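Reviewing the structure listed below.
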Amino acid sequence: MTDDRSPTPDADLSSYLLGELDAGARARFEHRLAEDADLRAQVERLAPVVTRLYELPEQAWEVLPPSSQPSKAGSHAALRSGRRAWLPSLPARRWVAGGLAAVALLVAGAGAGALLERGRDSSVTRGPEVALAPFGRAPAGASANARMVAPNRMRLSVEDLPPSPAGSYYEAWLLDGPGRVVPVAAFSVGPDRRAVVEVPLPAAADRYRFLDISLQHVGAGTAHSGDSLLRGALS
Amino acid sequence: MLHDVDDARAQSRRAQRRDRRLIRALRRQDPSAIAQLQERHGAMLLGYLTGVLGDRATAEDVLQVTLTEVWQRGPGYDPARASLLTWVMMIARSRALDQLRRRVPEPHDPETATTLLDRDASGAGTEVDALLDRWQVAALLTQLPTAEAELLRLRFYRGLTQREIAARTGLPLGTVKMRMVQALDRLRTLLDEEAP
């Protein structure tokens, strides 16, 4: 089926670009192309776009957010109306955003007190506990424990850590050897030398062997500083 | 047709407003910035990282590191130097390369490790950049008006001809063709805006 009867150049243009013209229609279009500089310019502008769309990995189409991926029924309605068929919803990996929002909250210092206070007052104490012991140059009395308080949600309580020095903060990490280090929360410690943080965890947190707390420096990059102060084995 | 143009413009303005809001949030390290970023570009970033690293779990880890870095560097982001999308994807690229370099001496899973590991550093970089380019195109698709993005999906992913799209959607063939050109043209404009 060819589309050579289309009355407008634009219509022939899309059919040409998409390879939907039969040989006769294609020859006529190319004849016109040779004589029409504007049309030629349009082809030159759009042909690379077509090529790049053909090169897109299938997964790219599959992970397009819902605002661009309406249901079959919604799809046609969107095409007919030109309006959005779905409102965007958060992707499945929402924990990443949630976790990092918590990280952001704490590093920024905004509302950190409220979050910590809320942690202290909460009475939820279910799930196994992981004890973190001093590591490296941590004060001998420093300690922490972590307990799952909901699926994929951990409460980390820290005791007797020095107050966060200016320009520094503490960060909790999941470790599985040097190649696998994932930050899960950043937090500050006040003059009372304590902190309680509730942290969303990655879905596959059980793949990691250690929970680690390091001292990090603002502006020194996002990698683990190497300055671990507390560490506990996850079992 | 005028209605379509108005809708497309309105969607474009909304997208621009969202981006400006996100940039402001990143600059002041607003806690909501990461969630906004995740919602806007998270799926694309994860797709890209999974493509580069060949392993979804590792890609999720690197995505988290990437988003953290974006948030931490947010106050220094300069829209005059690169669009937000380009900037974020370049950070993802760097972290992906870090991960690949770290992994080269000791690939954890030869079954899932990508062929990138078999190449030298420059070869891997080229491959990573090719994937970056493709996923940037994918990310730009999300900035198209929904109707145009869906049209491209039906054509380039579902493999329907314009006539089949018209039959399936009930749109006149002429409208499908017109909108196809509009979609390609708008995507080209977005690509030009992203070009360094």
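Within each chain, counting starts at residue 1; across the structure tokens, chains are named A, B, ... in the order shown, with ligands numbered 1 upward in that order.
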Compute the set of chain B residues within 7 Å of chain A, using only C-alpha atoms, and express it as a CSV table (one decimal) with all heavy atoms, in the first residue's frame.
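Saved to selection-v8.csv:
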chain,number,residue,atom,x,y,z
B,4,ASP,N,-4.5,21.3,17.7
B,4,ASP,CA,-3.3,20.4,18.0
B,4,ASP,C,-2.1,21.3,18.3
B,4,ASP,O,-1.4,21.0,19.2
B,4,ASP,CB,-3.0,19.6,16.7
B,4,ASP,CG,-4.0,18.5,16.5
B,4,ASP,OD1,-4.9,18.3,17.4
B,4,ASP,OD2,-4.0,17.9,15.5
B,7,ASP,N,-2.4,22.7,21.7
B,7,ASP,CA,-2.1,21.7,22.7
B,7,ASP,C,-0.6,21.4,22.8
B,7,ASP,O,-0.1,21.3,23.9
B,7,ASP,CB,-2.8,20.4,22.3
B,7,ASP,CG,-4.2,20.4,22.9
B,7,ASP,OD1,-4.6,21.2,23.7
B,7,ASP,OD2,-5.0,19.5,22.4
B,29,GLN,N,19.2,23.0,46.4
B,29,GLN,CA,19.3,21.6,47.0
B,29,GLN,C,18.0,21.3,47.8
B,29,GLN,O,18.1,20.8,48.9
B,29,GLN,CB,20.5,21.5,47.9
B,29,GLN,CG,21.8,21.5,47.1
B,29,GLN,CD,23.0,21.1,47.8
B,29,GLN,OE1,23.3,21.5,48.9
B,29,GLN,NE2,23.8,20.2,47.2
B,31,PRO,N,15.0,19.3,48.9
B,31,PRO,CA,14.8,17.9,49.1
B,31,PRO,C,13.9,17.2,48.0
B,31,PRO,O,14.0,16.1,47.7
B,31,PRO,CB,14.2,17.7,50.5
B,31,PRO,CG,14.6,18.9,51.2
B,31,PRO,CD,14.7,20.0,50.2
B,32,SER,N,13.0,18.0,47.4
B,32,SER,CA,12.1,17.5,46.4
B,32,SER,C,12.8,17.3,45.1
B,32,SER,O,12.2,16.7,44.2
B,32,SER,CB,10.9,18.4,46.3
B,32,SER,OG,11.3,19.5,45.6
B,34,ILE,N,15.3,15.6,43.9
B,34,ILE,CA,15.7,14.3,43.5
B,34,ILE,C,14.4,13.5,43.1
B,34,ILE,O,14.4,12.8,42.1
B,34,ILE,CB,16.4,13.5,44.6
B,34,ILE,CG1,17.8,14.1,44.9
B,34,ILE,CG2,16.6,12.0,44.3
B,34,ILE,CD1,18.7,14.0,43.7
B,35,ALA,N,13.4,13.7,43.8
B,35,ALA,CA,12.1,13.0,43.4
B,35,ALA,C,11.6,13.5,42.1
B,35,ALA,O,11.2,12.7,41.2
B,35,ALA,CB,11.1,13.2,44.5
B,38,GLN,N,13.9,12.1,39.4
B,38,GLN,CA,13.6,10.7,39.3
B,38,GLN,C,12.3,10.5,38.4
B,38,GLN,O,12.3,9.7,37.5
B,38,GLN,CB,13.4,10.0,40.6
B,38,GLN,CG,12.8,8.6,40.6
B,38,GLN,CD,13.8,7.6,40.1
B,38,GLN,OE1,15.0,7.9,39.9
B,38,GLN,NE2,13.3,6.3,40.0
B,39,GLU,N,11.4,11.3,38.7
B,39,GLU,CA,10.1,11.2,38.0
B,39,GLU,C,10.3,11.6,36.5
B,39,GLU,O,9.8,10.9,35.6
B,39,GLU,CB,9.0,12.1,38.6
B,39,GLU,CG,7.7,11.9,38.0
B,39,GLU,CD,6.6,12.7,38.7
B,39,GLU,OE1,6.8,13.1,39.8
B,39,GLU,OE2,5.5,12.9,38.1
B,43,ALA,N,13.5,6.8,34.6
B,43,ALA,CA,13.3,5.6,33.8
B,43,ALA,C,14.3,5.6,32.6
B,43,ALA,O,14.9,4.5,32.3
B,43,ALA,CB,11.9,5.5,33.2
B,44,MET,N,14.6,6.7,32.0
B,44,MET,CA,15.5,6.8,30.9
B,44,MET,C,16.9,6.5,31.4
B,44,MET,O,17.7,5.8,30.8
B,44,MET,CB,15.5,8.2,30.3
B,44,MET,CG,14.2,8.5,29.6
B,44,MET,SD,14.0,7.4,28.2
B,44,MET,CE,12.3,6.9,28.6
B,47,GLY,N,17.3,2.9,32.1
B,47,GLY,CA,17.4,2.2,30.8
B,47,GLY,C,18.8,2.3,30.2
B,47,GLY,O,19.4,1.3,29.8
B,61,ASP,N,22.0,0.6,41.3
B,61,ASP,CA,23.0,1.2,42.2
B,61,ASP,C,23.7,2.4,41.6
B,61,ASP,O,23.8,3.5,42.3
B,61,ASP,CB,24.1,0.2,42.5
B,61,ASP,CG,23.6,-1.1,43.3
B,61,ASP,OD1,22.5,-1.0,43.8
B,61,ASP,OD2,24.4,-2.1,43.4
B,64,GLN,N,21.4,5.4,41.6
B,64,GLN,CA,21.3,6.1,42.9
B,64,GLN,C,22.5,7.0,43.1
B,64,GLN,O,22.4,8.1,43.6
B,64,GLN,CB,21.2,5.0,44.0
B,64,GLN,CG,20.9,5.7,45.4
B,64,GLN,CD,20.1,4.7,46.3
B,64,GLN,OE1,19.8,3.6,45.9
B,64,GLN,NE2,19.7,5.2,47.4
B,65,VAL,N,23.7,6.5,42.8
B,65,VAL,CA,24.9,7.3,42.9
B,65,VAL,C,24.8,8.5,42.0
B,65,VAL,O,25.1,9.6,42.4
B,65,VAL,CB,26.1,6.4,42.6
B,65,VAL,CG1,27.4,7.3,42.5
B,65,VAL,CG2,26.4,5.3,43.6
B,68,THR,N,22.4,11.1,43.4
B,68,THR,CA,23.0,11.7,44.6
B,68,THR,C,24.0,12.8,44.1
B,68,THR,O,24.0,13.9,44.6
B,68,THR,CB,23.7,10.7,45.5
B,68,THR,OG1,22.8,9.7,45.8
B,68,THR,CG2,24.3,11.4,46.7
B,69,GLU,N,24.8,12.4,43.1
B,69,GLU,CA,25.8,13.4,42.6
B,69,GLU,C,25.1,14.6,42.0
B,69,GLU,O,25.5,15.7,42.2
B,69,GLU,CB,26.7,12.7,41.6
B,69,GLU,CG,27.8,13.7,41.1
B,69,GLU,CD,28.9,13.0,40.3
B,69,GLU,OE1,29.0,11.7,40.4
B,69,GLU,OE2,29.6,13.7,39.6
B,102,ARG,N,35.9,-0.3,37.1
B,102,ARG,CA,36.1,-1.0,38.3
B,102,ARG,C,35.9,-2.5,38.1
B,102,ARG,O,36.5,-3.4,38.6
B,102,ARG,CB,35.1,-0.5,39.3
B,102,ARG,CG,35.4,-0.8,40.7
B,102,ARG,CD,34.3,-0.2,41.6
B,102,ARG,NE,34.3,1.2,41.5
B,102,ARG,CZ,33.1,1.9,41.6
B,102,ARG,NH1,32.0,1.3,41.7
B,102,ARG,NH2,33.1,3.2,41.6
B,134,ARG,N,21.6,7.3,22.0
B,134,ARG,CA,20.3,6.7,21.8
B,134,ARG,C,19.3,7.0,22.9
B,134,ARG,O,18.1,7.3,22.7
B,134,ARG,CB,20.4,5.2,21.6
B,134,ARG,CG,21.1,4.9,20.2
B,134,ARG,CD,21.4,3.4,20.1
B,134,ARG,NE,22.3,3.3,19.0
B,134,ARG,CZ,23.2,2.3,18.8
B,134,ARG,NH1,23.2,1.3,19.7
B,134,ARG,NH2,23.9,2.2,17.7
B,135,TRP,N,19.8,6.9,24.1
B,135,TRP,CA,18.9,7.1,25.3
B,135,TRP,C,18.6,8.6,25.4
B,135,TRP,O,17.6,8.9,26.0
B,135,TRP,CB,19.5,6.5,26.6
B,135,TRP,CG,19.3,5.0,26.6
B,135,TRP,CD1,20.1,4.1,26.1
B,135,TRP,CD2,18.1,4.4,27.0
B,135,TRP,NE1,19.5,2.8,26.3
B,135,TRP,CE2,18.3,3.0,26.8
B,135,TRP,CE3,16.9,4.8,27.6
B,135,TRP,CZ2,17.3,2.1,27.1
B,135,TRP,CZ3,15.9,3.9,27.9
B,135,TRP,CH2,16.2,2.5,27.7
B,138,ALA,N,15.7,8.9,23.4
B,138,ALA,CA,14.5,8.4,24.1
B,138,ALA,C,14.0,9.4,25.1
B,138,ALA,O,12.8,9.6,25.3
B,138,ALA,CB,14.9,7.1,24.8
B,142,THR,N,10.1,11.9,25.6
B,142,THR,CA,9.1,12.2,26.7
B,142,THR,C,8.8,13.7,26.7
B,142,THR,O,7.8,14.1,27.4
B,142,THR,CB,9.8,11.9,28.1
B,142,THR,OG1,10.9,12.8,28.3
B,142,THR,CG2,10.2,10.5,28.1
B,146,THR,N,2.0,14.2,23.9
B,146,THR,CA,1.7,12.8,24.0
B,146,THR,C,1.2,12.2,22.7
B,146,THR,O,1.6,11.1,22.3
B,146,THR,CB,0.6,12.7,25.0
B,146,THR,OG1,1.0,13.3,26.2
B,146,THR,CG2,0.3,11.2,25.3
B,147,ALA,N,0.4,12.9,22.0
B,147,ALA,CA,-0.1,12.4,20.7
B,147,ALA,C,1.0,12.1,19.7
B,147,ALA,O,1.0,11.1,19.0
B,147,ALA,CB,-1.1,13.3,20.1
B,149,ALA,N,4.3,11.6,20.5
B,149,ALA,CA,5.1,10.5,21.0
B,149,ALA,C,4.5,9.2,20.7
B,149,ALA,O,5.1,8.2,20.3
B,149,ALA,CB,5.4,10.7,22.5
B,150,GLU,N,3.2,9.1,20.9
B,150,GLU,CA,2.4,7.9,20.7
B,150,GLU,C,2.5,7.5,19.2
B,150,GLU,O,2.6,6.3,18.8
B,150,GLU,CB,1.0,8.0,21.2
B,150,GLU,CG,0.2,6.7,21.1
B,150,GLU,CD,0.8,5.5,21.8
B,150,GLU,OE1,1.7,5.7,22.6
B,150,GLU,OE2,0.5,4.4,21.4
B,153,ARG,N,5.7,6.0,18.5
B,153,ARG,CA,5.8,4.7,19.1
B,153,ARG,C,5.1,3.6,18.2
B,153,ARG,O,5.6,2.6,17.9
B,153,ARG,CB,5.1,4.6,20.5
B,153,ARG,CG,4.9,3.2,21.1
B,153,ARG,CD,3.9,3.2,22.2
B,153,ARG,NE,4.4,4.0,23.3
B,153,ARG,CZ,5.4,3.6,24.1
B,153,ARG,NH1,5.9,2.4,24.0
B,153,ARG,NH2,5.8,4.4,25.1
B,156,PHE,N,7.5,3.4,15.0
B,156,PHE,CA,8.9,2.9,15.1
B,156,PHE,C,9.1,1.7,16.1
B,156,PHE,O,10.1,1.0,16.1
B,156,PHE,CB,9.9,4.0,15.5
B,156,PHE,CG,10.0,5.0,14.5
B,156,PHE,CD1,9.2,6.2,14.4
B,156,PHE,CD2,10.9,4.9,13.4
B,156,PHE,CE1,9.4,7.1,13.4
B,156,PHE,CE2,11.1,5.8,12.4
B,156,PHE,CZ,10.3,6.9,12.4
B,157,TYR,N,8.1,1.6,17.0
B,157,TYR,CA,8.2,0.4,17.9
B,157,TYR,C,7.2,-0.7,17.5
B,157,TYR,O,7.6,-1.8,17.4
B,157,TYR,CB,7.9,0.9,19.3
B,157,TYR,CG,7.9,-0.1,20.4
B,157,TYR,CD1,9.0,-0.9,20.6
B,157,TYR,CD2,6.8,-0.3,21.2
B,157,TYR,CE1,9.0,-1.9,21.6
B,157,TYR,CE2,6.8,-1.3,22.2
B,157,TYR,CZ,7.9,-2.1,22.4
B,157,TYR,OH,8.0,-3.1,23.3
B,169,THR,N,-6.3,4.0,14.8
B,169,THR,CA,-6.7,5.1,15.6
B,169,THR,C,-8.0,5.8,15.2
B,169,THR,O,-8.6,6.6,16.0
B,169,THR,CB,-5.6,6.2,15.7
B,169,THR,OG1,-5.4,6.7,14.4
B,169,THR,CG2,-4.3,5.5,16.2
B,171,LEU,N,-8.0,8.1,13.0
B,171,LEU,CA,-7.6,9.4,12.5
B,171,LEU,C,-7.5,9.4,10.9
B,171,LEU,O,-7.2,8.3,10.3
B,171,LEU,CB,-6.2,9.8,13.0
B,171,LEU,CG,-6.0,10.2,14.4
B,171,LEU,CD1,-4.5,10.3,14.8
B,171,LEU,CD2,-6.7,11.6,14.6
B,174,GLY,N,-4.4,11.7,6.3
B,174,GLY,CA,-3.7,13.0,6.1
B,174,GLY,C,-3.3,13.6,7.5
B,174,GLY,O,-2.2,14.1,7.6
B,177,LYS,N,-0.2,11.7,8.7
B,177,LYS,CA,1.0,12.1,8.0
B,177,LYS,C,1.5,13.5,8.4
B,177,LYS,O,2.7,13.7,8.6
B,177,LYS,CB,0.7,12.1,6.5
B,177,LYS,CG,0.5,10.7,5.9
B,177,LYS,CD,0.2,10.8,4.4
B,177,LYS,CE,0.1,9.4,3.8
B,177,LYS,NZ,-0.2,9.5,2.4
B,178,MET,N,0.5,14.4,8.6
B,178,MET,CA,0.9,15.7,9.0
B,178,MET,C,1.5,15.7,10.4
B,178,MET,O,2.5,16.3,10.7
B,178,MET,CB,-0.4,16.6,9.0
B,178,MET,CG,-0.1,18.0,9.2
B,178,MET,SD,0.7,18.8,7.8
B,178,MET,CE,-0.6,18.8,6.6
B,180,MET,N,2.9,13.2,11.8
B,180,MET,CA,4.2,12.5,11.8
B,180,MET,C,5.3,13.5,11.5
B,180,MET,O,6.4,13.5,12.1
B,180,MET,CB,4.2,11.4,10.7
B,180,MET,CG,5.4,10.5,10.6
B,180,MET,SD,5.6,9.4,12.1
B,180,MET,CE,4.3,8.2,11.8
B,181,VAL,N,5.1,14.3,10.5
B,181,VAL,CA,6.1,15.3,10.1
B,181,VAL,C,6.3,16.3,11.3
B,181,VAL,O,7.5,16.6,11.6
B,181,VAL,CB,5.7,16.1,8.9
B,181,VAL,CG1,6.6,17.3,8.6
B,181,VAL,CG2,5.7,15.2,7.6
B,184,LEU,N,8.4,14.5,14.0
B,184,LEU,CA,9.8,14.4,13.6
B,184,LEU,C,10.5,15.8,13.6
B,184,LEU,O,11.7,15.9,14.1
B,184,LEU,CB,10.0,13.8,12.2
B,184,LEU,CG,9.5,12.4,12.0
B,184,LEU,CD1,9.4,12.0,10.5
B,184,LEU,CD2,10.4,11.4,12.7
B,185,ASP,N,9.8,16.8,13.2
B,185,ASP,CA,10.4,18.1,13.2
B,185,ASP,C,10.6,18.6,14.6
B,185,ASP,O,11.6,19.2,15.0
B,185,ASP,CB,9.4,19.1,12.5
B,185,ASP,CG,10.1,20.4,12.2
B,185,ASP,OD1,11.0,20.4,11.4
B,185,ASP,OD2,9.7,21.4,12.9
B,188,ARG,N,13.5,16.9,16.1
B,188,ARG,CA,14.8,17.4,15.5
B,188,ARG,C,15.1,18.7,16.2
B,188,ARG,O,16.3,19.0,16.5
B,188,ARG,CB,14.6,17.7,14.0
B,188,ARG,CG,15.7,18.4,13.3
B,188,ARG,CD,17.0,17.6,13.4
B,188,ARG,NE,18.2,18.4,13.2
B,188,ARG,CZ,19.0,18.2,12.1
B,188,ARG,NH1,18.8,17.2,11.3
B,188,ARG,NH2,20.1,19.0,12.0
Practice problem: Could you give me, as a PyMOL selection string, the residues within 12 Å of Leu161 of chain A, counting only C-alpha atoms and dropping anything in the same chain fewer than 6 positions from it? | Solution: chain A and resi 133-135+137-144+169-170+187-196+213-215+229-230
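Closest to Glu127 of chain B among B:Leu151, B:Arg20, B:Tyr77, B:Arg93 is B:Arg93, based on only C-alpha atoms.
A straight line drawn from atom CA of Asp19 of chain B to atom CA of Leu84 of chain B is 7.8 Å long.
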Practice problem: Work out how far atom CA of Ala59 of chain B is from atom CA of Thr51 of chain A, in Å to one decimal. | Solution: 27.1 Å
Practice problem: From the DSSP assignment of the backbone, select every residue of chain B that is helix (DSSP H, G or I), and format the answer as a PyMOL selection string. | Solution: chain B and resi 2-27+32-53+56-76+84-103+115-118+121-141+146-157+162-169+173-194
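Here atom CA of Leu53 of chain B stands at a distance of 16.7 Å from atom CA of Leu67 of chain B.
Near Leu46 of chain B, within 8 Å and counting only C-alpha atoms, sit Arg56, Ala59, Glu60 and Leu63 of chain B; same-chain residues fewer than 6 positions away were not included.
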Practice problem: Considering only C-alpha atoms, state which residue in the set A:Asp38, A:Asp160, A:Glu129, A:Asp212 is at the smallest distance from Arg231 of chain A. | Solution: A:Asp212
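With distances restricted to only C-alpha atoms, B:Leu45 is the closest residue to Ala139 of chain B from B:Leu97, B:Leu45, B:Ala25, B:Leu154.
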Quiz prompt | Nearest to Glu148 of chain B by atom-to-atom distance, counting only C-alpha atoms, from B:Ala195, B:Leu160, B:Gln11, B:Leu26 | solution = B:Gln11
